[in-house]
Amino acid sequence: MHATLCEHLLDLVQNAVEAGASFVQVEVVETEAGDVEVTVSDNGRGMTPEEARRALDPFASDGRKHPARRVGLGLPFFRQMVEQAGGEFDLRSELGVGTSVFGRYRGDHPDAPPMGEWSDFVVQALVLGEGLEMALIREWRGRRVVIRRSELAEALQGLGDAEALALARRYVGEQEREILGKG
Amino acid sequence: MSKLTLEALRKLREAKRNEMARRESDGTAGTILIGMGTCGIAAGARETFDAFVEALAAHPGLKHVAVRQTGCMGLCYAEPTVEIAMPGMPTVLYGRVKAEGVPQIVEEHLLKGRLVSERVLDKPAVDLMKPRKS
Ligand SMILES: Nc1ncnc2c1ncn2[C@@H]1O[C@H](COP(=O)(O)OP(=O)(O)O)[C@@H](O)[C@H]1O
Ligand SMILES: [Mg+2]
C-alpha cells in the first residue's frame with residue numbers, strides 16, 4: 001500500500017501523536033553493511049499486551065479515530081513491509097509508559113521500499129504535533145543528522161506558515177545531502 | 001558553497017517577525033488542513049501537502065497561510081481531503097485533491113475567493129448543519 005519508507009514513518013508518527021505523546025523520536029539508520037534499521041518511539045499512553053496484539057491485526061482499530069472505517073492499517077502495513085523485505089519487526093509497548101516500533105531489513109532486498117523524500121516527511125511530521133518535541137534522526141554509514149522540532153521552530157519563529165515549512169524543507173534537504181555525501 | 005544553517009534560517013525570518021506574529025495570532029492569513037491518515041497518504045496526500053507548501057511560500061500574499069495536517073477525516077473514499085479556511089470565506093472541505101489540483105485551488109479559492117465547486121465535499125450551509133427532522 002505504501003510505496004516508500006517515509007510514508008510508513010508518517011503513519012507511525014501519527015499514531016504516536018494520537019497516543020498523546022509529548023516526545024516522539026524517529027531514527028533511520030542505514031549501516032555500512034547495508035541494513036536499514038528503523039525505530040519510532042514515543043512516550044504516549046502505550047498499550048496493554050492485548051491491545052498491542054490487536055493493533056497488529058489489520059482488522060482492528062480502536063474505533064475512535066475513524067468511526068466510518070474500523071480497520072487500522074498503519075502498524076500492520078509497516079510490519080508487512082518489513083517482513084516482505086525479509087526483515088524483523090518488533091513492537092514494544094507498555095501502558096502509561098510509551099511505545100516503540102522497530103524494523104530492520106536489508107536495503108538491497110528486492111522488496112525493500114525506497115526511502116522516499118526524507119525532507120518532505122520531516123516537514124509533514126513537524127506540523128503534526130504542535131507543542132510536542134520531536135527528534136528526527138537520519139544516519140547513513142555512520143554520518144548522522146538530528147532534526148529537533150524545538151530548534152527549527154525557534155529558528156523559524158514558529159512552523160505554522162507555508163514560508164517556514166518551505167524553508168524547513170530546504171534546510172532538511174541540505175542536511176540530508178551532506179550526510180549522503182552529495183552536498 | 002553557502003550552507004543553510006539554523007542561523008541562516010533565523011536571519012531569513014527575522015525581518016518578517018513582527019508582521020508574522022500579528023497575522024498568525026489573529027489567524028487572518030488563513031489555514032489549509034490536509035487529511036493525512038493512512039488512507040490519505042496512500043491517495044497522495046503527502047504530495048498534495050508539499051504542493052500547497054511550495055505554491056503558498058512562493059506567493060508573497062500567501063506565504064503566511066498556515067499549512068497543517070490531521071489524521072483520517074473519516075472520508076477515505078474522497079482522499080486526499082483538504083479543508084480551507086480563508087478569512088472572509090466559508091470553511092470548505094475539498095475532496096480528491098491531488099498535487100495537480102493544487103494550483104487551481106490556490107488560484108481560484110485563495111486568490112480570487114471563488115469556490116472550486118466540482119471538488120467541494122462539504123461547506124457549512126445552514127440547512128445542512130441543522131439535524132434533519134424526519
Ligand atoms: N504509538 C502508539 N501508542 C499507543 N497506541 C497505539 C500506537 N500505535 C498504534 N496504537 C494503537 O493501535 C491501533 C492500530 O493502529 P494503526 O494500525 O495505525 O491504525 P489506526 O491508527 O488507523 O487506528 C490504534 O488505533 C491504537 O489504538
Ligand atoms: Mg495509525
# chains A, B, ... in the order shown; residues from 1 in each chain; ligands from 1

$ residues_around --residues "Gly74 (chain A)" --least-positions-apart "6" --cutoff "12 Å" --atoms "only C-alpha atoms" --output "NGL selection string"
(:A and (1-2 or 7-16 or 55-61 or 80-81 or 101)) or (:B and (36-42 or 71-72))

$ interface_residues --of "chain A" --to "chain B" --cutoff "9 Å" --atoms "only C-alpha atoms" --output "ChimeraX atom specification"
/A:1-3,7-8,10-11,14-15,18,65-69,72-74,120-121,123-125,127-128,151-152,154-157,159-168,170-171,174-175

$ select_by_dssp --residues "chain A" --states "helix (DSSP H, G or I)" --output "PyMOL selection string"
chain A and resi 5-18+49-55+74-84+118-126+149-155+162-179
